[in-house]
Every structure is written in C-alpha cells, then in structure tokens.
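Accompanying notes for the structure given below.
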Amino acid sequence: MSNKYTKTIAACFTGYIVQAVVNNFAPLLFLLFQNIYHIPLSQITLLVTFNFGIQLLTDLLSVSFVDRIGYRVSMIAAHIFSAAGLILLTVLPEILPAPFAGILISVMIYAVGGGLLEVLVSPVVEACPTKHKEKTMSMLHSFYCWGYAGVVLVSTLFFQIAGTENWKLLALTWAILPICNAFAFARVPIAPLQEGGKDCMKTGDLFRNRLFWVLLVMMVCAGASEQAVSQWASVFAEKGLGISKTAGDLAGPMAFAVLMGLSRLFYGKYGHLIHLERFMVYSGALCVLSYLGISLMPFPLLSLASCAVCGLSIGIMWPGTFSKASAALPKGGTALFALLALGGDVGCSAGPTLVGLVSGAMDDNLKAGVLAGVIFPLLLLTGIALAKKPKESCCNEREAVC
C-alpha cells in the first residue's frame with residue numbers, strides 16, 4: 001500500500017470507533033436518564049428503535065447524495081453530526097421543557113452521523129490500494145468491536161471514580177474523538193472507488209442482479225445473527241448466574257465483543273493464508289452450534305460460554321460479505337455499500353426483535369427465542385453457498401468490466 005494511504009486507513013479505523021461510541025454510550029445512561037429526568041422506561045426503550053430507524057433512513061438516502069458531494073465532505077459531515085449529538089445530549093435535556101425531547105433530538109443527530117459512517121467507511125477503505133483487501137476490511141470491522149469494548153470499560157471506570165452524576169463530562173470527552181477525526185479526514189487522501197468515477201452501477205441495476213439479492217440477505221442475516229445474541233447476553237449473565245448488572249455486562253456483551261474483535265483481528269492478520277469463503281462456512285457452522293448451545297445447554301455457565309463463542313463465530317460475516325460483494329460486483333459503487341449497510345442494520349433490528357417476540361410468546365423463555373433465531377445463521381450459510389461463483393466465470397466478468 002502506498003504510504004500516503006496509511007493515514008486514511010487509520011482515520012477509517014478511528015471512524016468505526018466513533019460509530020461504536022455513538023451507538024453504545026447513551027444506552028449506558030438509560031437508567032440514569034430515567035432517574036434524573038423522570039422519563040418512563042417505555043420512552044427510554046424507544047431511543048434504541050429511534051436510533052436504528054434514523055440510521056436506516058440515512059443509509060437509504062445516502063445513495064442519492066454521497067457521490068454528488070463527495071466522500072470527503074460526507075465523511076467530515078458524519079463526524080460533525082456524531083460530535084454534535086454527543087454535545088447536545090448534555091445541553092438539550094436541560095433547556096427544553098421536555099427532557100425526553102432533548103434526548104430524542106440528540107439521538108437523531110448522532111444517529112445521522114452513525115448511519116453515514118456505516119455507509120462511508122467501508123468503501124473508503126476498499127478504495128485504498130491495499131494488496132489484501134479482505135484482510136484490511138476484517139481489520140477495519142474489528143475496530144468497532146474494540147470501540148464497543150472500550151466504551152463499556154472506560155465509561156464503567158469513569159463512573160466508578162467520578163460518579164454517574166458527572167456523565168456530562170464523559171459525554172463531552174467522547175465528543176473530542178469525532179472532532180479530531182473530522183480534521184483528519186479533511187487532510188488524508190481519499191482514492192476513488194472506481195477508476196473513472198462515473199461508471200458505477202445504478203440502484204436499478206443492482207435490484208435486477210440476482211447475486212446482489214443473495215448478498216443483501218446475507219447482510220441481513222449477518223446483522224441479525226450478531227445482535228440477536230449480543231443484545232441478550234447481559235440478561236443471560238444476570239438471570240442465569242445471578243450477578244450484578246456491571247458484572248453481567250462484562251461477562252456477557254463484553255466477552256461477545258472481545259471475541260468478535262479477535263476473530264476479525266485474526267483474519268485481518270492472517271487472511272492472506274486463509275480462503276475467505278471457507279472461513280465463512282466454518283464460522284457459520286460454529287455460529288449454528290453456538291445458538292444451539294445457548295438454547296439447549298442445561299447449565300447457565302455453558303450457555304454463557306456459547307454466547308461468547310457466538311461472538312467469535314460471527315466476526316467474519318459482516319466484513320466478509322462486504323468483501324465478497326466488492327469482488328463480485330466491482331462496479332457497485334456507493335449504492336452497493338449503502339444498500340448492504342441498510343440490510344445489515346435491518347438485520348440488527350430484526351434479530352433481537354424475533355428473539356424478544358418468541359421469548360415473550362413462550363412465557364419469557366429466552367432460550368426458546370434464541371433457538372428461533374438459529375434461522376439467521378442457517379440462512380447465512382445458504383447465502384454463502386448461493387453466492388459461490390466458478391473462478392473462470394468470475395475472471396471473465398472482471399475482464400469484461402476492465
């Protein structure tokens with residue numbers, strides 16, 4: 001890789017840490033918001049759905065404007081929105097008549113930033129002249145995991161030392177990260193996604209492509225398989241082991257995030273020695289087994305260990321699908337990455353929802369809900385098989401594009 005693009009890659013890695021901050025910091029404050037602003041828990045819960053909804057809308061709308069205004073301007077705007085939302089979170093609830101309205105507006109603003117980052121970061125990295133793009137993509141997505149783990153660890157440590165009443169200081173501290181990275185993106189070189197720039201597939205072209213739909217379903221299932229367990233891991237730890245909320249977060253979602261990050265880091269380091277498709281198949285099979293372990297194991301510790309194994313197994317699926325899509329549809333451009341990000345976010349919402357609905361229908365039996373969720377890794381394995389292309393056909397397609 002050209003040395004001038006190493007800073008671009010580093011800024012993109014930081015961009016995914018920013019996304020982890022805006023997605024995972026506010027949920028740590030939900031009970032605090034309920035106590036200090038007297039907001040009902042039903043409204044607090046709505047913030048998660050609202051955040052996802054705004055990100056989905058941003059994913060969809062970005063197809064129409066990112067190529068027009070350029071990746072640099074869009075990336076800087078994403079970081080500005082992220083920082084502004086975090087800063088306003090400390091201000092608006094205090095000055096507006098309804099504190100919940102202030103929180104909602106702040107979430108909306110940083111959700112726009114998070115949605116843009118989801119669409120922009122992967123194609124910017126994909127465009128950089130790296131020798132092993134699958135490795136770089138996997139390494140990139142591992143930084144979301146490290147960001148998620150870092151948000152939980154740093155915030156928990158801060159609250160233990162300074163107290164939860166000083167949460168505004170922590171929010172402002174987190175806002176420094178996107179501000180600094182916005183300045184970085186104002187200076188780093190950004191390579192065009194395609195040579196010639198204007199020869200990209202349109203949205204309609206993608207919709208008429210069978211392989212695109214297979215890849216889109218794979219992204220939905222990747223997001224669903226990840227979040228269906230991640231969102232409920234803390235509950236497993238608390239209810240199954242009878243430990244505190246803090247310990248439950250560390251033993252549940254923290255372990256899940258760390259092992260998912262290690263999986264992506266492993267492929268990011270040794271990906272040139274590993275066949276991506278084969279690695280995804282083995283990981284998908286392990287994911288199915290982890291779901292069965294969570295739902296069918298009679299011992300809570302083994303169920304919790306299966307949650308951690310699920311993080312290890314699902315790590316390659318999201319970045320791997322991005323890499324397969326970029327290789328199979330090299331002229332997909334911004335529309336391809338935006339629609340795949342949209343599919344991933346749909347899955348992130350659909351997975352936990354299915355688990356919750358089935359669990360509720362079965363008298364709050366969370367294991368039954370996770371057992372129903374095994375449909376997602378099974379569909380993901382099916383998608384990997386359907387997306388497989390003969391090498392000769394793939395080479396001919398690439399030559400036609402060139």
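For the structure tokens, the naming scheme is as follows: chains receive sequential letters (A, B, ...) according to their order of presentation, residues are indexed from 1 within each chain, and ligands are indexed from 1 in presentation order.
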Practice prompt. Give me the residues within 7 Å of segment 116-123 of chain A as a count of residues only, counting only C-alpha atoms and dropping any in the same chain fewer than 5 places off.
Written response: 11
Item to complete: Run DSSP on the backbone and give me the residues of segment 178-312 of chain A it puts in helix (DSSP H, G or I), as number ranges by chain.
Response: A: 178-185, 203-207, 210-230, 233-241, 245-273, 276-296, 300-312
Item to complete: Using only C-alpha atoms, determine which residues lie at most 9 Å from Ile179 of chain A, disregarding the query and same-chain residues fewer than 6 positions distant; provide the list as a ChimeraX atom specification.
Response: /A:76,79-80,82-83
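For the residues A:Leu366, A:Ala127, A:Val288, A:Ala350, ranking by smallest atom-to-atom distance to Leu378 of chain A using only C-alpha atoms places A:Val288 first.
Of the residues under consideration (A:Tyr110, A:Phe52, A:Phe81, A:Phe33), A:Phe33 shows the shortest atom-to-atom contact distance to Glu94 of chain A when counting only C-alpha atoms.
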